[in-house]
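What follows is structure.txt (compact mmCIF, C-alpha atoms).
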```txt
# COMPACT_ATOMS: atom_id res chain seq x y z
CA MET A 1 0.00 0.00 0.00
CA ALA A 2 1.25 3.49 -0.86
CA ASN A 3 0.99 4.87 2.66
CA GLU A 4 2.40 1.90 4.52
CA ILE A 5 5.96 1.43 5.79
CA VAL A 6 6.10 -1.31 8.42
CA PHE A 7 3.04 -3.09 6.96
CA SER A 8 4.23 -2.66 3.36
CA GLN A 9 5.42 -6.28 3.03
CA ASN A 10 2.53 -7.94 4.86
CA HIS A 11 0.80 -8.89 1.62
CA ILE A 12 3.81 -10.94 0.39
CA PRO A 13 3.14 -14.68 0.79
CA GLY A 14 5.75 -16.33 3.01
CA ILE A 15 7.36 -13.06 4.19
CA ARG A 16 7.63 -14.64 7.63
CA GLY A 17 10.43 -16.92 6.37
CA ILE A 18 13.96 -15.66 5.85
CA ASP A 19 14.27 -16.81 2.21
CA VAL A 20 11.26 -14.77 1.06
CA TYR A 21 12.35 -11.89 3.28
CA LEU A 22 15.81 -11.83 1.65
CA GLU A 23 14.30 -12.08 -1.85
CA ASN A 24 12.37 -8.90 -1.09
CA GLY A 25 15.33 -6.84 0.07
CA GLY A 26 15.53 -8.10 3.63
CA TYR A 27 18.58 -7.24 5.76
CA ARG A 28 19.78 -4.73 3.15
CA SER A 29 19.82 -2.00 5.81
CA VAL A 30 22.17 -4.05 7.98
CA LYS A 31 24.81 -4.09 5.25
CA LYS A 32 24.34 -0.37 4.65
CA ALA A 33 24.39 0.55 8.35
CA LEU A 34 27.54 -1.47 9.02
CA GLU A 35 29.30 0.58 6.34
CA MET A 36 28.33 3.71 8.28
CA THR A 37 29.70 4.85 11.62
CA PRO A 38 27.36 4.55 14.62
CA ALA A 39 27.19 8.35 14.74
CA GLU A 40 26.07 8.47 11.11
CA VAL A 41 23.31 5.92 11.77
CA ILE A 42 22.08 7.90 14.79
CA ALA A 43 22.17 11.13 12.75
CA GLU A 44 20.05 9.55 10.00
CA VAL A 45 17.42 8.39 12.49
CA LYS A 46 17.51 11.79 14.22
CA ASP A 47 16.96 13.58 10.91
CA SER A 48 14.01 11.33 10.12
CA GLY A 49 12.20 12.63 13.20
CA LEU A 50 11.11 9.10 14.16
CA ARG A 51 9.39 9.21 17.55
CA GLY A 52 8.94 6.23 19.84
CA ARG A 53 5.79 4.32 18.91
CA GLY A 54 5.21 2.78 22.33
CA GLY A 55 3.35 5.70 23.83
CA ALA A 56 5.70 8.42 25.07
CA GLY A 57 6.65 9.60 21.56
CA PHE A 58 10.22 10.49 22.52
CA PRO A 59 12.57 11.07 19.52
CA THR A 60 14.34 7.77 18.81
CA GLY A 61 17.64 9.12 17.46
CA MET A 62 18.01 11.47 20.42
CA LYS A 63 17.35 8.56 22.80
CA TRP A 64 20.10 6.54 21.13
CA SER A 65 22.52 9.46 21.46
CA PHE A 66 22.11 9.45 25.27
CA VAL A 67 24.15 6.23 25.59
CA PRO A 68 27.48 7.22 27.17
CA GLN A 69 30.61 5.98 25.44
CA ASN A 70 33.84 4.63 26.93
CA THR A 71 32.29 3.60 30.26
CA GLY A 72 33.93 0.19 30.12
CA LYS A 73 30.49 -1.43 30.53
CA PRO A 74 28.64 -3.45 27.89
CA HIS A 75 25.72 -1.78 26.13
CA TYR A 76 22.34 -3.46 25.68
CA LEU A 77 19.29 -3.06 23.46
CA VAL A 78 15.91 -4.21 24.75
CA CYS A 79 12.82 -4.46 22.56
CA ASN A 80 9.70 -3.79 24.61
CA ALA A 81 7.14 -6.24 23.22
CA ASP A 82 5.12 -6.43 26.43
CA GLU A 83 1.99 -5.19 24.68
CA SER A 84 -0.82 -5.36 27.23
CA GLU A 85 -2.79 -2.12 27.31
CA PRO A 86 -6.50 -2.59 26.57
CA GLY A 87 -7.22 -1.56 22.97
CA THR A 88 -3.64 -2.05 21.73
CA PHE A 89 -2.71 -4.99 19.51
CA LYS A 90 -0.42 -3.67 16.75
CA ASP A 91 2.91 -5.18 17.87
CA ARG A 92 1.41 -8.65 17.80
CA GLU A 93 0.69 -8.36 14.07
CA LEU A 94 4.16 -6.95 13.36
CA MET A 95 5.84 -9.86 15.14
CA GLU A 96 3.61 -12.57 13.74
CA VAL A 97 3.57 -11.51 10.10
CA ASN A 98 7.04 -10.05 9.47
CA PRO A 99 9.43 -11.01 12.33
CA HIS A 100 12.67 -10.49 10.37
CA GLN A 101 11.80 -6.80 9.91
CA LEU A 102 12.02 -6.43 13.69
CA LEU A 103 15.29 -8.38 13.91
CA GLU A 104 16.76 -6.25 11.14
CA GLY A 105 15.85 -3.06 12.95
CA MET A 106 17.36 -4.40 16.16
CA ILE A 107 20.68 -5.26 14.51
CA VAL A 108 20.93 -1.73 13.08
CA ALA A 109 20.05 -0.24 16.48
CA CYS A 110 22.68 -2.41 18.19
CA HIS A 111 25.33 -1.10 15.80
CA ALA A 112 24.21 2.49 16.45
CA ILE A 113 24.47 2.28 20.25
CA GLY A 114 27.49 -0.03 20.40
CA ALA A 115 25.65 -3.10 21.70
CA ASN A 116 26.37 -6.71 20.87
CA ARG A 117 23.57 -8.21 22.95
CA ALA A 118 19.83 -7.56 22.64
CA PHE A 119 16.68 -8.95 24.21
CA ILE A 120 13.05 -9.08 23.09
CA TYR A 121 10.77 -8.96 26.14
CA VAL A 122 7.50 -10.46 24.90
CA ARG A 123 4.23 -10.68 26.79
CA GLY A 124 3.95 -14.28 27.95
CA GLU A 125 0.39 -14.65 26.67
CA TYR A 126 1.64 -13.95 23.14
CA VAL A 127 2.33 -17.62 22.42
CA GLY A 128 1.98 -17.19 18.65
CA PRO A 129 4.49 -14.30 18.32
CA LEU A 130 6.91 -16.14 20.62
CA ARG A 131 6.90 -19.17 18.33
CA VAL A 132 7.31 -17.07 15.21
CA LEU A 133 10.13 -14.97 16.67
CA ASN A 134 11.94 -18.03 17.96
CA GLN A 135 11.85 -19.54 14.47
CA ALA A 136 13.02 -16.27 12.89
CA ILE A 137 15.94 -15.95 15.31
CA GLU A 138 17.03 -19.51 14.54
CA GLU A 139 16.87 -18.75 10.80
CA ALA A 140 18.88 -15.55 11.23
CA TYR A 141 21.61 -17.37 13.15
CA ALA A 142 21.70 -20.17 10.57
CA ARG A 143 22.08 -17.69 7.68
CA GLY A 144 24.72 -15.55 9.38
CA TRP A 145 22.59 -12.47 10.13
CA LEU A 146 22.97 -13.02 13.86
CA GLY A 147 25.92 -14.33 15.86
CA GLU A 148 29.64 -13.69 15.55
CA ASN A 149 31.09 -11.73 12.64
CA ILE A 150 27.78 -11.03 10.84
CA GLN A 151 28.21 -11.53 7.07
CA GLY A 152 31.99 -11.16 7.50
CA THR A 153 31.70 -7.57 8.72
CA GLY A 154 33.38 -8.16 12.07
CA PHE A 155 30.23 -7.10 13.94
CA ASP A 156 28.76 -9.48 16.53
CA CYS A 157 25.09 -9.38 17.48
CA HIS A 158 23.10 -11.79 19.62
CA ILE A 159 19.33 -11.57 20.24
CA SER A 160 17.45 -13.54 22.92
CA LEU A 161 13.73 -13.94 23.59
CA HIS A 162 12.38 -13.41 27.10
CA PRO A 163 8.69 -14.20 27.77
CA GLY A 164 7.13 -12.10 30.52
CA ALA A 165 4.64 -13.40 33.08
CA GLY A 166 1.70 -11.21 32.07
CA ALA A 167 2.09 -8.16 34.33
CA TYR A 168 0.98 -4.80 32.90
CA ILE A 169 3.61 -2.98 34.97
CA CYS A 170 6.35 -4.73 32.95
CA GLY A 171 5.47 -2.48 30.03
CA GLU A 172 7.08 0.30 32.10
CA GLU A 173 10.71 0.22 31.06
CA SER A 174 12.40 0.05 34.45
CA ALA A 175 10.00 -2.65 35.71
CA LEU A 176 10.70 -4.53 32.49
CA LEU A 177 14.42 -4.43 33.28
CA ASP A 178 13.83 -5.78 36.80
CA SER A 179 11.82 -8.65 35.33
CA LEU A 180 14.50 -9.29 32.71
CA GLU A 181 17.07 -9.56 35.49
CA GLY A 182 14.97 -12.26 37.15
CA ARG A 183 13.16 -10.29 39.85
CA ARG A 184 9.54 -9.28 40.33
CA GLY A 185 8.84 -6.46 37.89
CA LEU A 186 8.66 -3.22 39.88
CA PRO A 187 9.44 0.30 38.64
CA ARG A 188 12.77 1.84 39.59
CA LEU A 189 13.39 5.35 40.82
CA LYS A 190 14.60 7.61 37.98
CA PRO A 191 17.11 9.13 37.38
CA PRO A 192 19.36 7.46 36.47
CA PHE A 193 17.56 6.59 33.27
CA PRO A 194 18.17 3.27 31.49
CA ALA A 195 20.31 4.87 28.77
CA VAL A 196 22.89 5.49 31.51
CA SER A 197 22.11 2.72 34.01
CA GLY A 198 19.74 0.07 32.72
CA LEU A 199 20.06 -3.69 32.36
CA TYR A 200 22.63 -4.97 34.88
CA ARG A 201 23.27 -1.26 35.63
CA SER A 202 24.80 -0.85 32.17
CA PRO A 203 23.78 1.60 29.41
CA THR A 204 20.57 0.28 27.85
CA ILE A 205 18.21 1.48 25.15
CA ILE A 206 14.60 0.28 25.26
CA ASN A 207 12.53 0.66 22.10
CA ASN A 208 9.06 -0.46 21.11
CA VAL A 209 8.47 -3.07 18.37
CA GLU A 210 6.92 -0.61 15.90
CA THR A 211 9.74 1.89 16.48
CA LEU A 212 12.43 -0.67 15.61
CA CYS A 213 10.47 -1.92 12.58
CA ASN A 214 10.68 1.58 11.07
CA VAL A 215 14.49 1.67 11.32
CA PRO A 216 15.41 -0.56 8.30
CA HIS A 217 13.23 1.56 6.02
CA ILE A 218 14.80 4.81 7.22
CA ILE A 219 18.35 3.50 6.70
CA ASN A 220 17.50 2.08 3.26
CA ASN A 221 15.64 5.12 1.96
CA GLY A 222 16.91 8.05 3.99
CA ALA A 223 15.47 10.50 6.47
CA GLN A 224 13.79 12.76 3.88
CA TRP A 225 11.99 9.79 2.32
CA PHE A 226 10.48 9.04 5.75
CA ARG A 227 9.45 12.66 6.17
CA GLN A 228 7.24 12.59 3.04
CA TRP A 229 4.53 11.30 5.40
CA GLY A 230 3.17 12.92 8.52
CA THR A 231 3.73 16.41 9.86
CA GLU A 232 6.83 18.44 10.70
CA LYS A 233 6.77 17.41 14.36
CA SER A 234 5.14 14.01 13.85
CA PRO A 235 6.78 12.51 10.73
CA GLY A 236 6.06 9.10 9.22
CA THR A 237 3.16 6.74 9.57
CA LYS A 238 1.53 5.14 12.60
CA ILE A 239 -0.39 1.94 13.18
CA PHE A 240 -3.77 2.57 14.80
CA SER A 241 -5.45 -0.38 16.52
CA VAL A 242 -9.16 0.36 16.17
CA SER A 243 -11.62 -1.53 18.38
CA GLY A 244 -15.08 -1.05 19.82
CA HIS A 245 -18.29 -0.02 18.06
CA VAL A 246 -17.03 0.08 14.46
CA ARG A 247 -17.88 -2.11 11.49
CA LYS A 248 -14.27 -3.11 10.70
CA PRO A 249 -12.03 -3.21 13.76
CA GLY A 250 -8.35 -3.89 13.06
CA ASN A 251 -4.87 -2.45 12.61
CA TYR A 252 -4.48 0.38 10.08
CA GLU A 253 -1.19 2.06 9.17
CA ILE A 254 -1.79 5.63 7.98
CA PRO A 255 0.26 8.84 7.82
CA LEU A 256 0.38 10.83 11.03
CA GLY A 257 -1.75 13.92 10.64
CA THR A 258 -4.60 12.05 8.92
CA PRO A 259 -8.02 13.29 10.11
CA LEU A 260 -9.44 11.11 12.87
CA MET A 261 -12.79 10.80 11.08
CA THR A 262 -11.01 9.52 7.95
CA LEU A 263 -9.58 6.64 9.97
CA LEU A 264 -12.94 5.98 11.57
CA ASN A 265 -15.10 6.14 8.45
CA ASP A 266 -12.82 5.24 5.49
CA TYR A 267 -10.74 2.53 7.16
CA ALA A 268 -12.74 1.19 10.11
CA GLY A 269 -16.08 1.28 8.28
CA GLY A 270 -17.76 3.84 10.52
CA ILE A 271 -20.01 3.40 13.53
CA ARG A 272 -22.17 0.28 13.61
CA GLU A 273 -25.58 0.62 12.00
CA GLY A 274 -28.31 2.41 13.92
CA HIS A 275 -25.97 4.27 16.27
CA THR A 276 -23.97 7.49 16.43
CA LEU A 277 -20.49 8.24 17.73
CA LYS A 278 -20.38 9.17 21.41
CA ALA A 279 -16.70 9.04 22.41
CA ILE A 280 -13.22 7.89 21.47
CA ILE A 281 -10.19 6.93 23.50
CA PRO A 282 -7.46 7.78 20.97
CA GLY A 283 -4.34 6.30 22.56
CA GLY A 284 -5.13 3.18 24.56
CA SER A 285 -6.94 2.94 27.89
CA SER A 286 -4.46 5.19 29.70
CA VAL A 287 -5.38 8.47 28.00
CA PRO A 288 -8.37 10.83 28.48
CA ILE A 289 -11.61 10.12 26.61
CA LEU A 290 -12.66 12.57 23.89
CA PRO A 291 -16.37 13.31 23.25
CA ALA A 292 -17.62 13.14 19.65
CA GLU A 293 -17.69 16.92 19.31
CA LYS A 294 -13.90 17.00 19.86
CA CYS A 295 -13.11 14.31 17.29
CA ASP A 296 -12.78 16.64 14.30
CA ILE A 297 -8.98 16.63 14.66
CA ASN A 298 -5.88 15.26 12.99
CA LEU A 299 -4.08 12.19 14.29
CA ASP A 300 -0.71 13.50 15.39
CA TYR A 301 0.87 14.03 18.79
CA GLU A 302 0.31 17.78 18.92
CA SER A 303 -3.29 17.90 17.63
CA ILE A 304 -4.56 15.23 19.99
CA GLN A 305 -2.83 16.86 22.95
CA ALA A 306 -4.43 20.19 22.04
CA ALA A 307 -7.83 18.48 22.03
CA GLY A 308 -7.27 17.25 25.59
CA SER A 309 -5.96 13.72 25.18
CA MET A 310 -2.83 11.87 23.96
CA LEU A 311 -1.80 9.75 20.97
CA GLY A 312 -0.22 7.21 23.34
CA SER A 313 -0.01 3.74 21.83
CA ALA A 314 -2.68 4.65 19.25
CA GLY A 315 -5.04 1.99 20.52
CA MET A 316 -8.28 3.67 19.48
CA ILE A 317 -11.35 2.50 21.42
CA VAL A 318 -14.60 3.69 19.82
CA MET A 319 -17.83 4.03 21.79
CA ASP A 320 -21.26 4.71 20.32
CA ASP A 321 -24.39 6.18 21.91
CA SER A 322 -25.24 2.90 23.65
CA THR A 323 -22.27 3.27 26.01
CA CYS A 324 -22.71 4.22 29.65
CA MET A 325 -19.68 6.32 30.62
CA VAL A 326 -19.85 5.28 34.29
CA TRP A 327 -19.77 1.65 33.17
CA ALA A 328 -16.85 2.40 30.85
CA ALA A 329 -14.87 4.14 33.60
CA ARG A 330 -15.60 1.29 36.01
CA ASN A 331 -14.30 -1.30 33.56
CA LEU A 332 -11.10 0.64 32.86
CA VAL A 333 -10.40 1.33 36.53
CA HIS A 334 -11.03 -2.37 37.29
CA PHE A 335 -8.16 -3.18 34.94
CA TYR A 336 -5.75 -0.77 36.66
CA ARG A 337 -6.88 -1.90 40.11
CA HIS A 338 -6.04 -5.49 39.12
CA GLU A 339 -2.74 -4.56 37.49
CA SER A 340 -1.39 -2.11 40.10
CA CYS A 341 1.93 -3.48 41.30
CA GLY A 342 1.22 -2.11 44.78
CA LYS A 343 4.59 -0.44 45.23
CA CYS A 344 3.18 3.03 46.01
CA THR A 345 0.21 3.96 48.19
CA PRO A 346 -1.54 6.42 45.82
CA CYS A 347 -1.84 3.80 43.06
CA ARG A 348 -2.50 0.79 45.28
CA GLU A 349 -5.18 2.47 47.41
CA GLY A 350 -6.46 4.96 44.85
CA THR A 351 -7.34 2.45 42.14
CA ASP A 352 -9.17 0.25 44.66
CA TRP A 353 -11.08 3.21 46.11
CA MET A 354 -12.06 4.53 42.67
CA TYR A 355 -13.33 1.11 41.61
CA LYS A 356 -15.48 0.67 44.73
CA ILE A 357 -17.13 4.09 44.23
CA LEU A 358 -17.72 3.54 40.51
CA ASN A 359 -19.17 0.11 41.23
CA GLU A 360 -21.59 1.59 43.76
CA LEU A 361 -22.67 4.27 41.27
CA GLU A 362 -23.25 1.67 38.58
CA GLU A 363 -25.06 -0.87 40.76
CA THR A 364 -26.95 1.08 43.43
CA GLY A 365 -26.44 4.76 42.58
CA GLY A 366 -24.11 5.64 45.44
CA ARG A 367 -24.17 9.20 46.80
CA LYS A 368 -24.08 12.53 44.96
CA GLU A 369 -20.96 13.57 46.90
CA ASP A 370 -19.18 10.47 45.55
CA ILE A 371 -18.69 12.25 42.22
CA ASP A 372 -16.59 15.00 43.77
CA LEU A 373 -14.91 12.42 46.00
CA LEU A 374 -13.76 10.64 42.84
CA LEU A 375 -12.19 13.87 41.59
CA ASP A 376 -10.52 14.39 44.98
CA ILE A 377 -8.99 10.91 44.79
CA THR A 378 -7.71 11.49 41.27
CA ASP A 379 -6.22 14.82 42.35
CA ASN A 380 -4.31 13.00 45.10
CA MET A 381 -3.00 10.45 42.59
CA ASP A 382 -2.08 12.72 39.69
CA GLY A 383 1.70 13.24 39.70
CA LYS A 384 2.05 11.54 43.08
CA CYS A 385 2.43 7.90 42.01
CA PHE A 386 5.83 6.23 41.81
CA CYS A 387 5.56 5.58 38.07
CA PRO A 388 3.40 6.92 35.21
CA LEU A 389 1.11 3.89 35.18
CA GLY A 390 -0.58 4.98 38.42
CA ASP A 391 -1.16 8.47 37.05
CA THR A 392 -2.74 7.12 33.87
CA SER A 393 -5.33 5.06 35.77
CA ILE A 394 -7.29 8.25 36.49
CA ALA A 395 -7.70 9.33 32.86
CA SER A 396 -11.12 7.75 32.23
CA VAL A 397 -12.53 9.04 35.54
CA VAL A 398 -11.41 12.65 35.17
CA SER A 399 -12.40 12.96 31.50
CA GLY A 400 -15.59 10.97 32.11
CA ILE A 401 -16.80 13.38 34.79
CA GLU A 402 -15.60 16.42 32.83
CA HIS A 403 -17.62 15.57 29.72
CA TRP A 404 -20.48 13.40 31.08
CA ARG A 405 -21.06 14.55 34.65
CA HIS A 406 -24.80 14.46 33.98
CA GLU A 407 -24.55 10.69 33.47
CA PHE A 408 -22.84 10.24 36.83
CA GLU A 409 -25.58 12.33 38.48
CA ALA A 410 -28.26 10.31 36.68
CA HIS A 411 -26.90 7.15 38.29
CA VAL A 412 -27.41 8.71 41.73
CA GLU A 413 -30.92 9.93 40.89
CA ASN A 414 -31.98 6.58 39.39
CA ARG A 415 -30.29 4.47 42.09
CA GLY A 416 -28.18 2.71 39.49
CA CYS A 417 -27.41 2.69 35.78
CA PRO A 418 -30.39 4.22 33.92
CA MET A 419 -29.22 2.86 30.56
CA ARG A 420 -29.11 -0.69 31.80
CA ARG A 421 -32.56 -0.33 33.35
CA ARG A 422 -33.98 0.98 30.10
CA GLU A 423 -32.48 -1.98 28.27
CA GLY A 424 -33.93 -4.34 30.87
CA ALA A 425 -37.37 -2.77 30.59
CA ALA A 426 -37.24 -3.00 26.80
CA LEU A 427 -36.34 -6.68 26.97
CA GLU A 428 -39.16 -7.36 29.44
CA GLY A 429 -41.59 -5.49 27.18
CA ALA A 430 -40.48 -7.48 24.16
CA ALA A 431 -40.86 -10.74 26.07
CA ALA A 432 -44.37 -9.80 27.24
CA ALA A 433 -45.39 -8.83 23.70
CA GLY A 434 -43.95 -11.87 22.12
```

What does the file become when written as structure tokens?
Amino acid sequence: MANEIVFSQNHIPGIRGIDVYLENGGYRSVKKALEMTPAEVIAEVKDSGLRGRGGAGFPTGMKWSFVPQNTGKPHYLVCNADESEPGTFKDRELMEVNPHQLLEGMIVACHAIGANRAFIYVRGEYVGPLRVLNQAIEEAYARGWLGENIQGTGFDCHISLHPGAGAYICGEESALLDSLEGRRGLPRLKPPFPAVSGLYRSPTIINNVETLCNVPHIINNGAQWFRQWGTEKSPGTKIFSVSGHVRKPGNYEIPLGTPLMTLLNDYAGGIREGHTLKAIIPGGSSVPILPAEKCDINLDYESIQAAGSMLGSAGMIVMDDSTCMVWAARNLVHFYRHESCGKCTPCREGTDWMYKILNELEETGGRKEDIDLLLDITDNMDGKCFCPLGDTSIASVVSGIEHWRHEFEAHVENRGCPMRRREGAALEGAAAAG
């Protein structure tokens, strides 16, 4: 497809295998990068403007340049494939369909930061991607693209797979490193940041799957080629994982800056028949919810932030007019309550307290003062949790009350969810009539 980069080879039969991958130009960027100095590779990625595709959106080339040289310690590259945020499922497709693209990007990144050892930390539940990656790594070693003296260039590169145990906190980079070192995954105090003191207290770069998959294309085609898509501050394309009340949920790679409604209507098929758009979570469950009237925006980091939310992981959850926003907030907070690692009090106690109040509102109506109590709890969590994952658990509650406070109040007045009661009454009426 004309606007695809990391998905551009997905239509090729057998691209998962190394022979077909090589026939279609695979590992070409490794040869080119190894003829460049590490500084030249970093400069090319910097010039491309590639930003991390895992959620934070930090410039990739700049991140690579933070690795200190001449420390006497080994350098490491870690691929964060612990994809576990509700609404996000893009990395799974990248790993399952075209695994050598990821390995190729990792080899180039290793050369750039001076690493000879890399790890792929994969969510343990991703059994399919684990099998595919394991097979791809074996093929790469057998064909001399991994191991000692790659293709006679004198460069050594080893990649290992590490399945996680299914903890959401291990998507946070410092908790991921703790888990990789064999301990329970808990976030570390920062600074120092991993680029200076990461895996085994050595300089470590952690990149997302989609980020690394873009690297071979940038090295092969150049920074300006990459910048033909997207905006000045958000160059390139992005995979959006669209789920919820749409006709065609799925992964769609489109240029950054594309209008949100184009993605929704032209790619995802629009809202399901008989309903209208009510709200969208544009960047996975950890970002604020946008009401329909704020969805006439472009899909880039700056435009979404200006509208009051974040691009995040680009896991777009679509809700139509049948959605109760108290119910939605309760479900999202239930996830964070379950996944809180418990290290800090604001997250451990706050997520549990929010869930109990939301559950009361949904089931029995709770008290009117509970709505402001929810905001008070979120205020005492925002910026006061040990790691960003605690802060993000409040997004659906704060934005939910900001845009749909009348729905929260209706739950109090009706002693429970009015939408569910209407649905129940309609079903009873239909049963009586029929």

Q: Please provide as number ranges by chain all residues within 8 Å of Leu34 in chain A, with the sequence filter that same-chain residues fewer than 6 positions apart are discarded (counting only C-alpha atoms).
A: A: 108, 111, 153, 155

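Separating CA of Asn98 in chain A from CA of Val127 in chain A is a distance of 15.7 Å.
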
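Shell of Pro282 in chain A at 10 Å, with all atoms listed in the file counted and residues fewer than 2 places along the chain excluded, is Gly87, Phe240, Ser241, Val242, Leu260, Ala279, Ile280, Gly284, Ser285, Ser286, Val287, Pro288, Ile289, Leu290, Cys295, Leu299, Ile304, Ser309, Met310, Leu311, Gly312, Ser313, Ala314, Gly315, Met316, Ile317 and Val318 of chain A.
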
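The smallest atom-to-atom distance between Cys324 in chain A and any of A:Ala292, A:Ile271, A:Ala410, A:Ala395, using all atoms listed in the file, is found for A:Ala410.
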
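You will find CA of Phe89 in chain A at 21.2 Å from CA of Pro259 in chain A.
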
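Nearest to Cys213 in chain A of all the residues A:Trp353, A:Gln101, A:Ile169, A:Lys384 is A:Gln101, based on only C-alpha atoms.
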
**Q.** Near-Asn134 in chain A list (9 Å; all atoms listed in the file; drop same-chain fewer than 4 positions) as a PyMOL selection string
**A.** chain A and resi 129-130+138-139+160-161

(Q) Could you check the closest approach to Ser234 in chain A for each of A:Glu302, A:Glu148, A:Glu369, A:Asp156 and tell me which residue wins, using all atoms listed in the file? (A) A:Glu302

Could I get the residues of range 66-171 of chain A with an atom no further than 12 Å from an atom of range 8-11 of chain A, each paired with its nearest atom pair and that distance in Å to one decimal, using all atoms listed in the file, sorted by chain and residue number, as JSON lines?
```
{"residue": "A:Glu93", "atom": "CA", "partner": "A:Asn10", "partner_atom": "CA", "distance": 9.4}
{"residue": "A:Leu94", "atom": "CA", "partner": "A:Asn10", "partner_atom": "CA", "distance": 8.7}
{"residue": "A:Met95", "atom": "CA", "partner": "A:Asn10", "partner_atom": "CA", "distance": 11.0}
{"residue": "A:Glu96", "atom": "CA", "partner": "A:Asn10", "partner_atom": "CA", "distance": 10.1}
{"residue": "A:Val97", "atom": "CA", "partner": "A:Asn10", "partner_atom": "CA", "distance": 6.4}
{"residue": "A:Asn98", "atom": "CA", "partner": "A:Asn10", "partner_atom": "CA", "distance": 6.8}
{"residue": "A:Pro99", "atom": "CA", "partner": "A:Asn10", "partner_atom": "CA", "distance": 10.6}
{"residue": "A:His100", "atom": "CA", "partner": "A:Gln9", "partner_atom": "CA", "distance": 11.1}
{"residue": "A:Gln101", "atom": "CA", "partner": "A:Gln9", "partner_atom": "CA", "distance": 9.4}
```

Q: Go ahead and find all residues with at least one atom no further than 9 Å from (16.2, -1.7, 36.4) in the file's coordinates, using all atoms listed in the file; report them as a PyMOL selection string.
A: chain A and resi 173-181+185-189+193-194+197-201

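Here CA of Lys32 in chain A is placed at a distance of 29.0 Å from CA of Ala56 in chain A.
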
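Using all atoms listed in the file for every distance, the candidate list A:Glu362, A:Ser65, A:Lys190, A:Arg415 yields A:Ser65 as the residue closest to Val45 in chain A.
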
Generate all heavy atoms for range 248-252 of chain A and emit them as a CSV table (one decimal), in the frame of the given file.
```csv
chain,number,residue,atom,x,y,z
A,248,LYS,N,-15.5,-2.3,11.1
A,248,LYS,CA,-14.3,-3.1,10.7
A,248,LYS,C,-13.1,-2.8,11.7
A,248,LYS,O,-12.2,-2.1,11.3
A,248,LYS,CB,-13.9,-2.8,9.3
A,248,LYS,CG,-14.9,-3.1,8.2
A,248,LYS,CD,-14.3,-3.0,6.8
A,248,LYS,CE,-13.9,-1.6,6.5
A,248,LYS,NZ,-13.3,-1.5,5.1
A,249,PRO,N,-13.2,-3.4,12.8
A,249,PRO,CA,-12.0,-3.2,13.8
A,249,PRO,C,-10.8,-3.9,13.2
A,249,PRO,O,-10.8,-4.8,12.4
A,249,PRO,CB,-12.5,-3.9,15.0
A,249,PRO,CG,-13.5,-4.9,14.6
A,249,PRO,CD,-14.2,-4.3,13.4
A,250,GLY,N,-9.6,-3.3,13.6
A,250,GLY,CA,-8.4,-3.9,13.1
A,250,GLY,C,-7.2,-2.9,13.2
A,250,GLY,O,-7.4,-1.8,13.7
A,251,ASN,N,-6.1,-3.3,12.6
A,251,ASN,CA,-4.9,-2.4,12.6
A,251,ASN,C,-4.8,-1.7,11.3
A,251,ASN,O,-4.9,-2.4,10.2
A,251,ASN,CB,-3.6,-3.3,12.8
A,251,ASN,CG,-3.4,-3.7,14.2
A,251,ASN,OD1,-3.7,-3.0,15.2
A,251,ASN,ND2,-3.0,-5.0,14.4
A,252,TYR,N,-4.6,-0.4,11.3
A,252,TYR,CA,-4.5,0.4,10.1
A,252,TYR,C,-3.3,1.3,10.2
A,252,TYR,O,-3.1,2.1,11.1
A,252,TYR,CB,-5.7,1.2,9.9
A,252,TYR,CG,-7.0,0.4,9.8
A,252,TYR,CD1,-7.9,0.2,10.9
A,252,TYR,CD2,-7.3,-0.3,8.6
A,252,TYR,CE1,-9.0,-0.6,10.8
A,252,TYR,CE2,-8.5,-1.0,8.5
A,252,TYR,CZ,-9.3,-1.2,9.6
A,252,TYR,OH,-10.4,-2.0,9.5
```
